[in-house]
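Source file start.cif; content: mmCIF, C-alpha atoms.
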data_data
loop_
_atom_site.group_PDB
_atom_site.id
_atom_site.type_symbol
_atom_site.label_atom_id
_atom_site.label_comp_id
_atom_site.auth_asym_id
_atom_site.auth_seq_id
_atom_site.Cartn_x
_atom_site.Cartn_y
_atom_site.Cartn_z
ATOM 1 C CA MET A 288 -1.670 -33.558 21.548
ATOM 2 C CA ARG A 289 1.186 -31.568 22.977
ATOM 3 C CA ARG A 290 0.572 -27.833 23.088
ATOM 4 C CA LEU A 291 2.532 -25.749 20.622
ATOM 5 C CA LEU A 292 4.645 -22.698 21.354
ATOM 6 C CA ILE A 293 4.789 -23.088 25.110
ATOM 7 C CA ILE A 294 8.008 -21.488 26.311
ATOM 8 C CA PRO A 295 9.674 -22.855 29.472
ATOM 9 C CA LEU A 296 9.961 -20.443 32.387
ATOM 10 C CA LEU A 297 13.228 -19.281 33.876
ATOM 11 C CA ILE A 298 13.042 -18.627 37.601
ATOM 12 C CA ILE A 299 16.623 -19.088 38.663
ATOM 13 C CA GLY A 300 19.410 -17.289 40.488
ATOM 14 C CA CYS A 301 18.829 -13.666 41.369
ATOM 15 C CA THR A 302 20.976 -11.013 39.710
ATOM 16 C CA ARG A 303 19.504 -8.024 41.543
ATOM 17 C CA GLN A 304 18.589 -7.563 45.189
ATOM 18 C CA PRO A 305 14.976 -6.689 46.065
ATOM 19 C CA VAL A 306 14.344 -2.952 46.195
ATOM 20 C CA THR A 307 11.978 -0.734 48.130
ATOM 21 C CA PRO A 308 9.554 1.611 46.371
ATOM 22 C CA ALA A 309 11.873 4.523 47.131
ATOM 23 C CA GLU A 310 14.746 2.782 45.333
ATOM 24 C CA GLY A 311 12.744 1.617 42.327
ATOM 25 C CA HIS A 312 9.551 2.827 40.690
ATOM 26 C CA ALA A 313 7.040 4.723 42.731
ATOM 27 C CA VAL A 314 4.177 2.246 42.843
ATOM 28 C CA ALA A 315 1.308 4.484 41.778
ATOM 29 C CA GLN A 316 -1.783 3.097 40.124
ATOM 30 C CA SER A 317 -2.810 4.816 36.914
ATOM 31 C CA GLU A 318 -6.423 4.936 35.781
ATOM 32 C CA SER A 319 -5.704 7.136 32.767
ATOM 33 C CA LYS A 320 -6.722 5.897 29.345
ATOM 34 C CA PRO A 321 -4.062 4.205 27.192
ATOM 35 C CA GLU A 322 -2.222 6.564 24.870
ATOM 36 C CA ARG A 323 -1.327 5.632 21.301
ATOM 37 C CA LEU A 324 2.110 7.066 20.605
ATOM 38 C CA HIS A 325 2.835 9.004 17.430
ATOM 39 C CA VAL A 326 5.999 7.208 16.350
ATOM 40 C CA GLN A 327 7.304 6.104 12.960
ATOM 41 C CA HIS A 328 9.297 2.933 13.616
ATOM 42 C CA LEU A 329 7.541 1.142 16.496
ATOM 43 C CA PRO A 330 4.415 -0.800 15.428
ATOM 44 C CA ASN A 331 1.268 -0.277 17.532
ATOM 45 C CA ALA A 332 3.137 1.548 20.298
ATOM 46 C CA ILE A 333 0.738 2.300 23.172
ATOM 47 C CA ARG A 334 1.488 3.665 26.631
ATOM 48 C CA ILE A 335 -0.495 1.699 29.232
ATOM 49 C CA HIS A 336 1.153 3.368 32.254
ATOM 50 C CA PRO A 337 3.738 6.177 32.602
ATOM 51 C CA GLN A 338 6.358 3.458 33.136
ATOM 52 C CA VAL A 339 5.178 0.897 30.554
ATOM 53 C CA ILE A 340 4.724 0.949 26.761
ATOM 54 C CA SER A 341 3.439 -1.967 24.666
ATOM 55 C CA GLY A 342 4.305 -2.356 21.006
ATOM 56 C CA GLY A 343 5.828 -4.308 18.152
ATOM 57 C CA LEU A 344 9.342 -5.402 17.288
ATOM 58 C CA PRO A 345 11.988 -2.659 17.003
ATOM 59 C CA GLU A 346 13.561 -3.888 13.774
ATOM 60 C CA ASP A 347 16.372 -1.459 13.027
ATOM 61 C CA ASP A 348 18.604 1.340 14.228
ATOM 62 C CA ALA A 349 15.870 3.945 13.710
ATOM 63 C CA ALA A 350 13.447 2.007 15.908
ATOM 64 C CA PHE A 351 15.934 1.666 18.767
ATOM 65 C CA ARG A 352 16.807 5.344 18.449
ATOM 66 C CA GLU A 353 13.096 6.111 18.737
ATOM 67 C CA LEU A 354 12.922 4.040 21.929
ATOM 68 C CA ALA A 355 15.842 5.968 23.382
ATOM 69 C CA ASP A 356 14.184 9.260 22.405
ATOM 70 C CA LEU A 357 11.063 8.136 24.305
ATOM 71 C CA GLY A 358 13.230 7.729 27.391
ATOM 72 C CA VAL A 359 12.939 3.932 27.424
ATOM 73 C CA LYS A 360 15.593 2.213 29.520
ATOM 74 C CA THR A 361 14.565 -1.468 29.359
ATOM 75 C CA VAL A 362 13.137 -3.491 26.457
ATOM 76 C CA ILE A 363 11.292 -6.731 27.258
ATOM 77 C CA SER A 364 10.582 -9.173 24.435
ATOM 78 C CA VAL A 365 7.768 -11.689 24.905
ATOM 79 C CA ASP A 366 8.333 -12.952 21.342
ATOM 80 C CA GLY A 367 10.089 -16.198 20.538
ATOM 81 C CA ALA A 368 12.669 -14.579 18.244
ATOM 82 C CA ARG A 369 16.146 -13.845 19.586
ATOM 83 C CA PRO A 370 16.386 -10.169 20.625
ATOM 84 C CA ASP A 371 18.901 -7.848 18.963
ATOM 85 C CA VAL A 372 20.886 -7.262 22.133
ATOM 86 C CA ALA A 373 23.785 -5.525 20.368
ATOM 87 C CA MET A 374 21.535 -2.925 18.772
ATOM 88 C CA ALA A 375 19.838 -2.247 22.106
ATOM 89 C CA LYS A 376 23.183 -1.768 23.846
ATOM 90 C CA LYS A 377 24.281 0.614 21.109
ATOM 91 C CA HIS A 378 21.459 2.916 22.210
ATOM 92 C CA GLY A 379 22.000 2.396 25.931
ATOM 93 C CA LEU A 380 19.055 0.031 26.388
ATOM 94 C CA ARG A 381 18.841 -3.192 28.356
ATOM 95 C CA TYR A 382 17.146 -6.196 26.711
ATOM 96 C CA VAL A 383 15.238 -8.845 28.685
ATOM 97 C CA HIS A 384 13.741 -11.953 27.050
ATOM 98 C CA LEU A 385 10.596 -13.364 28.717
ATOM 99 C CA PRO A 386 8.737 -15.136 25.893
ATOM 100 C CA HIS A 387 5.299 -16.703 26.148
ATOM 101 C CA GLY A 388 2.840 -18.253 23.699
ATOM 102 C CA TYR A 389 -0.472 -17.192 22.219
ATOM 103 C CA ASP A 390 -2.371 -19.567 24.491
ATOM 104 C CA GLY A 391 -1.942 -17.434 27.596
ATOM 105 C CA ILE A 392 0.608 -16.273 30.155
ATOM 106 C CA PRO A 393 1.574 -18.900 32.757
ATOM 107 C CA GLU A 394 1.507 -17.900 36.423
ATOM 108 C CA GLY A 395 5.274 -17.933 36.794
ATOM 109 C CA ARG A 396 5.838 -15.818 33.700
ATOM 110 C CA ALA A 397 3.149 -13.350 34.819
ATOM 111 C CA ASN A 398 4.983 -12.829 38.109
ATOM 112 C CA GLU A 399 8.299 -12.385 36.283
ATOM 113 C CA LEU A 400 6.739 -9.687 34.113
ATOM 114 C CA ALA A 401 5.193 -7.973 37.139
ATOM 115 C CA LYS A 402 8.520 -8.033 38.983
ATOM 116 C CA ALA A 403 10.208 -6.617 35.884
ATOM 117 C CA VAL A 404 7.917 -3.583 35.630
ATOM 118 C CA LEU A 405 8.350 -2.976 39.371
ATOM 119 C CA GLU A 406 12.113 -3.279 39.588
ATOM 120 C CA LEU A 407 13.824 -2.766 36.230
ATOM 121 C CA ASP A 408 14.798 0.689 35.029
ATOM 122 C CA GLY A 409 11.974 2.397 33.187
ATOM 123 C CA PRO A 410 10.195 3.415 31.176
ATOM 124 C CA ILE A 411 9.910 -0.158 29.913
ATOM 125 C CA TYR A 412 8.957 -1.193 26.373
ATOM 126 C CA ILE A 413 7.266 -4.619 26.159
ATOM 127 C CA HIS A 414 7.052 -6.039 22.652
ATOM 128 C CA CYS A 415 6.100 -9.077 20.597
ATOM 129 C CA HIS A 416 6.381 -9.223 16.811
ATOM 130 C CA HIS A 417 3.402 -7.154 15.667
ATOM 131 C CA GLY A 418 2.535 -5.501 18.977
ATOM 132 C CA LYS A 419 -1.132 -6.478 18.740
ATOM 133 C CA HIS A 420 -1.574 -9.683 20.686
ATOM 134 C CA ARG A 421 1.088 -11.031 23.063
ATOM 135 C CA SER A 422 2.671 -7.742 24.144
ATOM 136 C CA PRO A 423 -0.627 -5.999 25.053
ATOM 137 C CA ALA A 424 -1.570 -9.081 27.075
ATOM 138 C CA ALA A 425 1.837 -9.157 28.775
ATOM 139 C CA ALA A 426 1.755 -5.433 29.523
ATOM 140 C CA SER A 427 -1.748 -5.522 30.964
ATOM 141 C CA VAL A 428 -1.099 -8.608 33.103
ATOM 142 C CA ALA A 429 2.227 -7.208 34.356
ATOM 143 C CA CYS A 430 0.729 -3.830 35.240
ATOM 144 C CA VAL A 431 -2.288 -5.331 37.016
ATOM 145 C CA ARG A 432 -0.172 -7.753 39.047
ATOM 146 C CA ALA A 433 2.297 -4.992 39.923
ATOM 147 C CA GLY A 434 -0.536 -2.727 41.059
ATOM 148 C CA LEU A 435 0.131 -0.122 38.377
ATOM 149 C CA ILE A 436 -3.336 -0.262 36.775
ATOM 150 C CA PRO A 437 -6.706 -1.536 38.061
ATOM 151 C CA GLN A 438 -7.845 -4.994 37.020
ATOM 152 C CA THR A 439 -10.823 -3.449 35.225
ATOM 153 C CA SER A 440 -8.430 -1.821 32.735
ATOM 154 C CA ALA A 441 -6.869 -5.087 31.522
ATOM 155 C CA ILE A 442 -9.446 -6.238 28.957
ATOM 156 C CA PRO A 443 -10.173 -2.705 27.647
ATOM 157 C CA PHE A 444 -6.453 -2.311 26.962
ATOM 158 C CA LEU A 445 -6.384 -5.462 24.825
ATOM 159 C CA GLU A 446 -9.408 -4.179 22.908
ATOM 160 C CA PHE A 447 -7.750 -0.769 22.448
ATOM 161 C CA ALA A 448 -4.575 -2.427 21.139
ATOM 162 C CA GLY A 449 -6.548 -4.493 18.615
ATOM 163 C CA THR A 450 -5.868 -7.896 20.190
ATOM 164 C CA SER A 451 -7.979 -10.439 18.342
ATOM 165 C CA PRO A 452 -10.697 -12.100 20.472
ATOM 166 C CA ASP A 453 -9.649 -15.343 18.745
ATOM 167 C CA TYR A 454 -6.705 -15.417 21.174
ATOM 168 C CA ARG A 455 -8.898 -16.597 24.018
ATOM 169 C CA GLY A 456 -5.942 -17.574 26.164
ATOM 170 C CA LEU A 457 -4.547 -14.038 26.093
ATOM 171 C CA TYR A 458 -7.926 -12.592 27.023
ATOM 172 C CA GLN A 459 -8.271 -15.133 29.825
ATOM 173 C CA SER A 460 -4.866 -14.143 31.182
ATOM 174 C CA ALA A 461 -5.909 -10.492 31.247
ATOM 175 C CA ASP A 462 -9.284 -11.332 32.756
ATOM 176 C CA ARG A 463 -7.714 -13.469 35.494
ATOM 177 C CA ALA A 464 -4.959 -10.982 36.318
ATOM 178 C CA HIS A 465 -5.020 -9.771 39.918
ATOM 179 C CA PRO A 466 -2.828 -7.543 42.059
ATOM 180 C CA GLU A 467 -0.007 -9.599 43.559
ATOM 181 C CA ASP A 468 1.547 -8.987 46.947
ATOM 182 C CA GLN A 469 4.527 -6.753 46.199
ATOM 183 C CA ALA A 470 6.604 -8.244 48.992
ATOM 184 C CA LEU A 471 6.140 -11.615 47.305
ATOM 185 C CA LEU A 472 7.144 -10.205 43.924
ATOM 186 C CA ARG A 473 10.274 -8.624 45.336
ATOM 187 C CA SER A 474 11.217 -11.816 47.138
ATOM 188 C CA LEU A 475 11.131 -13.880 43.923
ATOM 189 C CA ARG A 476 14.513 -15.103 42.771
ATOM 190 C CA VAL A 477 14.424 -14.208 39.088
ATOM 191 C CA GLU A 478 17.138 -13.862 36.479
ATOM 192 C CA PHE A 479 16.212 -11.479 33.702
ATOM 193 C CA PRO A 480 18.116 -12.953 30.728
ATOM 194 C CA GLU A 481 19.023 -11.065 27.566
ATOM 195 C CA THR A 482 18.081 -14.113 25.491
ATOM 196 C CA VAL A 483 16.705 -17.590 26.137
ATOM 197 C CA ASN A 484 16.762 -20.701 23.997
ATOM 198 C CA VAL A 485 13.387 -21.268 22.357
ATOM 199 C CA PRO A 486 12.211 -24.848 21.559
ATOM 200 C CA PRO A 487 12.968 -25.798 17.917
ATOM 201 C CA LEU A 488 9.320 -25.955 16.835
ATOM 202 C CA ALA A 489 8.594 -22.552 18.332
ATOM 203 C CA GLN A 490 11.688 -21.070 16.645
ATOM 204 C CA ALA A 491 10.681 -22.580 13.301
ATOM 205 C CA MET A 492 7.249 -20.996 13.631
ATOM 206 C CA VAL A 493 8.884 -17.629 14.381
ATOM 207 C CA ASN A 494 11.012 -17.903 11.219
ATOM 208 C CA LEU A 495 7.966 -18.894 9.178
ATOM 209 C CA GLU A 496 5.983 -15.929 10.495
ATOM 210 C CA HIS A 497 8.752 -13.482 9.591
ATOM 211 C CA THR A 498 9.002 -14.831 6.034
ATOM 212 C CA HIS A 499 5.227 -14.674 5.621
ATOM 213 C CA ASP A 500 5.318 -11.048 6.801
ATOM 214 C CA HIS A 501 7.980 -10.264 4.184
ATOM 215 C CA LEU A 502 5.772 -11.757 1.469
ATOM 216 C CA LYS A 503 2.837 -9.637 2.622
ATOM 217 C CA GLN A 504 5.015 -6.531 2.289
ATOM 218 C CA ILE A 505 6.067 -7.610 -1.201
ATOM 219 C CA ALA A 506 2.446 -8.310 -2.197
ATOM 220 C CA ALA A 507 1.419 -4.847 -0.992
ATOM 221 C CA ALA A 508 4.137 -3.377 -3.241
ATOM 222 C CA GLY A 509 2.723 -5.090 -6.352
ATOM 223 C CA TRP A 510 4.879 -8.179 -5.901
ATOM 224 C CA LYS A 511 8.047 -6.135 -6.230
ATOM 225 C CA SER A 512 10.681 -5.236 -3.653
ATOM 226 C CA PRO A 513 9.172 -2.649 -1.270
ATOM 227 C CA ALA A 514 10.761 0.799 -1.473
ATOM 228 C CA ASP A 515 11.628 0.685 2.229
ATOM 229 C CA HIS A 516 12.905 -2.896 2.033
ATOM 230 C CA PRO A 517 14.740 -3.215 -1.324
ATOM 231 C CA ASP A 518 16.599 -6.333 -0.167
ATOM 232 C CA LEU A 519 13.415 -8.422 -0.283
ATOM 233 C CA SER A 520 12.924 -10.629 -3.354
ATOM 234 C CA SER A 521 9.534 -12.233 -3.993
ATOM 235 C CA VAL A 522 10.949 -15.461 -5.441
ATOM 236 C CA HIS A 523 13.527 -15.792 -2.669
ATOM 237 C CA GLU A 524 10.977 -15.221 0.113
ATOM 238 C CA ALA A 525 8.512 -17.659 -1.500
ATOM 239 C CA LEU A 526 11.281 -20.259 -1.665
ATOM 240 C CA LEU A 527 12.101 -19.655 2.012
ATOM 241 C CA LEU A 528 8.440 -20.045 2.926
ATOM 242 C CA GLN A 529 8.247 -23.357 1.076
ATOM 243 C CA GLU A 530 11.429 -24.584 2.784
ATOM 244 C CA HIS A 531 10.133 -23.602 6.222
ATOM 245 C CA PHE A 532 7.133 -25.887 5.748
ATOM 246 C CA THR A 533 9.264 -28.666 4.245
ATOM 247 C CA GLU A 534 11.785 -28.598 7.091
ATOM 248 C CA LEU A 535 9.040 -28.492 9.712
ATOM 249 C CA LEU A 536 7.501 -31.648 8.292
ATOM 250 C CA ARG A 537 10.857 -33.427 8.649
ATOM 251 C CA THR A 538 11.274 -32.674 12.335
ATOM 252 C CA GLU A 539 10.678 -35.333 14.954
ATOM 253 C CA GLU A 540 8.576 -32.906 17.003
ATOM 254 C CA VAL A 541 6.109 -32.349 14.158
ATOM 255 C CA GLN A 542 5.989 -36.070 13.391
ATOM 256 C CA GLN A 543 4.778 -36.595 16.953
ATOM 257 C CA GLN A 544 1.895 -34.141 16.475
ATOM 258 C CA SER A 545 -1.605 -35.065 15.303
ATOM 259 C CA ALA A 546 -2.380 -36.132 11.749
ATOM 260 C CA ASP A 547 -4.522 -32.994 11.339
ATOM 261 C CA PHE A 548 -1.601 -30.735 12.248
ATOM 262 C CA GLN A 549 0.752 -32.506 9.858
ATOM 263 C CA GLN A 550 -1.830 -32.284 7.057
ATOM 264 C CA SER A 551 -2.183 -28.548 7.675
ATOM 265 C CA LEU A 552 1.552 -28.153 7.157
ATOM 266 C CA ARG A 553 1.465 -30.262 3.990
ATOM 267 C CA ASP A 554 -1.389 -28.170 2.577
ATOM 268 C CA SER A 555 0.545 -24.993 3.314
ATOM 269 C CA GLU A 556 3.709 -26.447 1.797
ATOM 270 C CA ALA A 557 1.774 -27.218 -1.412
ATOM 271 C CA ALA A 558 0.349 -23.685 -1.546
ATOM 272 C CA ALA A 559 3.833 -22.201 -1.016
ATOM 273 C CA LYS A 560 5.195 -24.342 -3.872
ATOM 274 C CA SER A 561 2.403 -23.107 -6.134
ATOM 275 C CA LEU A 562 3.131 -19.514 -5.148
ATOM 276 C CA LEU A 563 6.819 -19.950 -5.967
ATOM 277 C CA ALA A 564 6.000 -21.491 -9.361
ATOM 278 C CA ALA A 565 3.518 -18.719 -10.203
ATOM 279 C CA LEU A 566 6.017 -16.006 -9.278
ATOM 280 C CA LYS A 567 8.746 -17.583 -11.413
ATOM 281 C CA ALA A 568 6.404 -17.957 -14.386
ATOM 282 C CA TRP A 569 5.292 -14.337 -14.120
ATOM 283 C CA GLN A 570 8.838 -12.981 -13.809
ATOM 284 C CA GLU A 571 10.178 -15.168 -16.644
ATOM 285 C CA ASP A 572 7.494 -13.963 -19.039
ATOM 286 C CA ALA A 573 9.247 -11.242 -21.019
ATOM 287 C CA GLU A 574 5.935 -9.545 -21.749
ATOM 288 C CA SER A 575 4.490 -9.885 -18.275
ATOM 289 C CA GLY A 576 2.436 -6.951 -17.138
ATOM 290 C CA ASP A 577 0.532 -6.626 -13.904
ATOM 291 C CA PRO A 578 0.915 -9.496 -11.464
ATOM 292 C CA PRO A 579 -1.680 -12.217 -12.078
ATOM 293 C CA PRO A 580 -4.565 -12.526 -9.575
ATOM 294 C CA ARG A 581 -3.344 -16.067 -8.876
ATOM 295 C CA LEU A 582 -0.565 -14.651 -6.676
ATOM 296 C CA SER A 583 -2.983 -12.900 -4.341
ATOM 297 C CA GLU A 584 -5.248 -15.954 -4.315
ATOM 298 C CA LEU A 585 -2.377 -18.193 -3.204
ATOM 299 C CA MET A 586 -1.278 -15.723 -0.512
ATOM 300 C CA SER A 587 -4.857 -15.612 0.748
ATOM 301 C CA THR A 588 -4.951 -19.419 0.819
ATOM 302 C CA ILE A 589 -1.727 -19.603 2.824
ATOM 303 C CA GLY A 590 -2.953 -16.952 5.253
ATOM 304 C CA THR A 591 -6.258 -18.750 5.777
ATOM 305 C CA GLN A 592 -4.514 -22.070 6.308
ATOM 306 C CA CYS A 593 -2.198 -20.512 8.904
ATOM 307 C CA LYS A 594 -5.097 -18.920 10.796
ATOM 308 C CA THR A 595 -7.075 -22.162 10.799
ATOM 309 C CA CYS A 596 -4.093 -24.166 12.026
ATOM 310 C CA HIS A 597 -3.331 -21.589 14.732
ATOM 311 C CA LYS A 598 -6.926 -21.623 15.935
ATOM 312 C CA GLN A 599 -6.963 -25.413 16.197
ATOM 313 C CA HIS A 600 -3.463 -26.123 17.474
ATOM 314 C CA ARG A 601 -1.747 -22.997 18.818
ATOM 315 C CA ASP A 602 -4.258 -20.571 20.277
ATOM 316 C CA GLN A 603 -6.155 -22.869 22.627
ATOM 317 C CA PRO A 604 -6.429 -21.238 26.073
ATOM 318 C CA LEU A 605 -3.763 -22.207 28.550
ATOM 319 C CA PHE A 606 -6.308 -22.233 31.372
ATOM 320 C CA GLY A 607 -9.075 -24.254 29.675
ATOM 321 C CA SER A 608 -12.502 -23.066 28.619
ATOM 322 C CA ASN A 609 -13.788 -21.951 32.029
#

Please re-express this file's structure in structure tokens.
Amino acid sequence: MRRLLIIPLLIIGCTRQPVTPAEGHAVAQSESKPERLHVQHLPNAIRIHPQVISGGLPEDDAAFRELADLGVKTVISVDGARPDVAMAKKHGLRYVHLPHGYDGIPEGRANELAKAVLELDGPIYIHCHHGKHRSPAAASVACVRAGLIPQTSAIPFLEFAGTSPDYRGLYQSADRAHPEDQALLRSLRVEFPETVNVPPLAQAMVNLEHTHDHLKQIAAAGWKSPADHPDLSSVHEALLLQEHFTELLRTEEVQQQSADFQQSLRDSEAAAKSLLAALKAWQEDAESGDPPPRLSELMSTIGTQCKTCHKQHRDQPLFGSN
């Protein structure tokens, strides 16, 4: 079966000439412990090196302002979603898009990340969506390969960030990271794009994940619009979730996947339909009180189905089991 969420690498024309250590970052290895930053708008923000911070998606103006206040100059997304380049520019930040999957960081992408932390203006903020899995792996691999932290710090950083051991490919990438020859890194011809086109299946999974996250926020607020996100509607988000699964099942790419994968999507589509129906019934009941337990049960079912599918089809290590 073809691996899911593998993002093609971009190693193309150079937009910046190689620099010497005096012109770019001072290449000094840090053995200090990672520092969890006390910020309000950046999920799981952790400083791994004086020049590098790992964290979650900056979602709004306040988050980008917080990045600027931290002195960040460059934001690197390893997530599949399209970066908000305009918002970054508003706050004087450069965006670079170097996405990778949950199954590990390919060799070429690892070198691109290492070159980025060596040569791009810093401090640098590396993020995925939640800031717990892909971005800690990317930050640790980049810093090890660039010689900024010792190899022995890579796995402990993932553990500190809360990266799930279920993502064996990410742990393997950190475990296999090694210092790269800096002359080789500087000689690489790399374009650091603001955005890249993500394969349709990967983009659909990104959209599905965002909608599922919105529903989790709504559930935590008693199945009402969260105070900090009043634009979210439970029925609307449940409908979007159902449609994400429905549209995925119609795509040629999914139809070429295994029968098990397609059945997982159908099971999730059915659970999303049931969630939508239960929400409508509850809201249409004029005397409805507290949300029925059925809503939480269905959300739990969807979450479990997603985790099981990811474990079987998305999170398999890029480098095999050895």

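The residue that comes closest to A:Pro466, out of A:Asn398, A:Ala525, A:Glu496, A:Asp554 and on the basis of all atoms listed in the file, is A:Asn398.
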
Result set, the PyMOL selection byres ((chain A and resi 579) around 12) on current file, as number ranges by chain
A: 506, 509-510, 562, 565-570, 572, 575-578, 580-585

Atomic separation - atom CA of A:Leu535 relative to atom CA of A:Ile589, Å:
15.6 Å

Residues around (23.2, 1.3, 25.8), cut-off 12 Å, counting all atoms listed in the file - what are they as number ranges by chain?
A: 351-352, 354-355, 358-362, 372-382

Write out, as JSON lines, each residue of stretch 448-556 of chain A that has an atom at most 10 Å from stretch 425-430 of chain A, together with the closest pair of atoms and their distance in Å to one decimal, counting all atoms listed in the file, rows going by chain and rising number.
{"residue": "A:Leu457", "atom": "CA", "partner": "A:Ala425", "partner_atom": "CA", "distance": 8.5}
{"residue": "A:Tyr458", "atom": "CA", "partner": "A:Val428", "partner_atom": "CA", "distance": 10.0}
{"residue": "A:Ser460", "atom": "CA", "partner": "A:Val428", "partner_atom": "CA", "distance": 7.0}
{"residue": "A:Ala461", "atom": "CA", "partner": "A:Val428", "partner_atom": "CA", "distance": 5.5}
{"residue": "A:Asp462", "atom": "CA", "partner": "A:Val428", "partner_atom": "CA", "distance": 8.6}
{"residue": "A:Arg463", "atom": "CA", "partner": "A:Val428", "partner_atom": "CA", "distance": 8.6}
{"residue": "A:Ala464", "atom": "CA", "partner": "A:Val428", "partner_atom": "CA", "distance": 5.6}
{"residue": "A:His465", "atom": "CA", "partner": "A:Val428", "partner_atom": "CA", "distance": 7.9}
{"residue": "A:Pro466", "atom": "CA", "partner": "A:Cys430", "partner_atom": "CA", "distance": 8.5}
{"residue": "A:Glu467", "atom": "CA", "partner": "A:Ala429", "partner_atom": "CA", "distance": 9.8}

Please measure the separation of atom CA of A:His420 and atom CA of A:Ala350, giving the value in Å to one decimal.
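According to the coordinates, atom CA of A:His420 and atom CA of A:Ala350 are separated by 19.6 Å.
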
Residues returned when the PyMOL selection byres ((chain A and resi 399) around 9) runs on this file, as a list in words:
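Against this file, the PyMOL selection byres ((chain A and resi 399) around 9) returns the residues Leu297, Ile298, Leu385, Glu394, Gly395, Arg396, Ala397, Asn398, Leu400, Ala401, Lys402, Ala403, Val404, Ala429, Leu472, Leu475, Val477, Glu478 and Phe479 of chain A.
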
Could you turn the residues from that selection into a file that holds C-alpha atoms, as an mmCIF file, in the coordinates of the input?
data_model
loop_
_atom_site.group_PDB
_atom_site.id
_atom_site.type_symbol
_atom_site.label_atom_id
_atom_site.label_comp_id
_atom_site.auth_asym_id
_atom_site.auth_seq_id
_atom_site.Cartn_x
_atom_site.Cartn_y
_atom_site.Cartn_z
ATOM 1 C CA LEU A 297 13.228 -19.281 33.876
ATOM 2 C CA ILE A 298 13.042 -18.627 37.601
ATOM 3 C CA LEU A 385 10.596 -13.364 28.717
ATOM 4 C CA GLU A 394 1.507 -17.900 36.423
ATOM 5 C CA GLY A 395 5.274 -17.933 36.794
ATOM 6 C CA ARG A 396 5.838 -15.818 33.700
ATOM 7 C CA ALA A 397 3.149 -13.350 34.819
ATOM 8 C CA ASN A 398 4.983 -12.829 38.109
ATOM 9 C CA LEU A 400 6.739 -9.687 34.113
ATOM 10 C CA ALA A 401 5.193 -7.973 37.139
ATOM 11 C CA LYS A 402 8.520 -8.033 38.983
ATOM 12 C CA ALA A 403 10.208 -6.617 35.884
ATOM 13 C CA VAL A 404 7.917 -3.583 35.630
ATOM 14 C CA ALA A 429 2.227 -7.208 34.356
ATOM 15 C CA LEU A 472 7.144 -10.205 43.924
ATOM 16 C CA LEU A 475 11.131 -13.880 43.923
ATOM 17 C CA VAL A 477 14.424 -14.208 39.088
ATOM 18 C CA GLU A 478 17.138 -13.862 36.479
ATOM 19 C CA PHE A 479 16.212 -11.479 33.702
#

Ranking A:Leu435, A:Leu329, A:Ile442, A:Ala491 by minimum distance to A:His414 and counting only C-alpha atoms, which one comes first?
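Checking each candidate against A:His414, we get A:Leu329 as the closest.
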
From the set A:Phe444, A:Met492, A:Leu405, A:Leu526, which residue has the shortest atom-to-atom contact distance to A:Asp468, counting only C-alpha atoms?
A:Leu405

Just the number, please: distance in Å from atom CA of A:Glu524 to atom CA of A:Tyr389, one decimal.
25.0 Å

Pick from A:Tyr454, A:Phe532, A:Phe447, A:Phe548, whichever lies nearest to A:Lys560 using all atoms listed in the file
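Ranked by minimum distance to A:Lys560, first place goes to A:Phe532.
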
Residue IDs satisfying the PyMOL selection byres ((chain A and resi 498) around 10), as a compact mmCIF listing (two decimals) with C-alpha atoms, keeping the file's coordinate frame:
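Once everything was written out, this is out07.txt:
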# COMPACT_ATOMS: atom_id res chain seq x y z
CA MET A 492 7.25 -21.00 13.63
CA VAL A 493 8.88 -17.63 14.38
CA ASN A 494 11.01 -17.90 11.22
CA LEU A 495 7.97 -18.89 9.18
CA GLU A 496 5.98 -15.93 10.50
CA HIS A 497 8.75 -13.48 9.59
CA HIS A 499 5.23 -14.67 5.62
CA ASP A 500 5.32 -11.05 6.80
CA HIS A 501 7.98 -10.26 4.18
CA LEU A 502 5.77 -11.76 1.47
CA LYS A 503 2.84 -9.64 2.62
CA GLN A 504 5.01 -6.53 2.29
CA HIS A 523 13.53 -15.79 -2.67
CA GLU A 524 10.98 -15.22 0.11
CA ALA A 525 8.51 -17.66 -1.50
CA LEU A 526 11.28 -20.26 -1.66
CA LEU A 527 12.10 -19.66 2.01
CA LEU A 528 8.44 -20.05 2.93
CA GLN A 529 8.25 -23.36 1.08
CA HIS A 531 10.13 -23.60 6.22

Residue rebuild result stretch 591-596 of chain A, N, CA and C atoms as a tab-separated table (two decimals), keeping the file's coordinate frame:
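Just written: selection10.tsv:
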chain	number	residue	atom	x	y	z
A	591	THR	N	-5.10	-18.07	5.19
A	591	THR	CA	-6.26	-18.75	5.78
A	591	THR	C	-5.85	-20.06	6.43
A	592	GLN	N	-4.98	-20.80	5.74
A	592	GLN	CA	-4.51	-22.07	6.31
A	592	GLN	C	-3.76	-21.85	7.62
A	593	CYS	N	-2.94	-20.81	7.68
A	593	CYS	CA	-2.20	-20.51	8.90
A	593	CYS	C	-3.16	-20.17	10.04
A	594	LYS	N	-4.15	-19.32	9.75
A	594	LYS	CA	-5.10	-18.92	10.80
A	594	LYS	C	-5.89	-20.11	11.31
A	595	THR	N	-6.31	-20.98	10.39
A	595	THR	CA	-7.08	-22.16	10.80
A	595	THR	C	-6.24	-23.08	11.67
A	596	CYS	N	-4.99	-23.30	11.26
A	596	CYS	CA	-4.09	-24.17	12.03
A	596	CYS	C	-3.82	-23.57	13.40
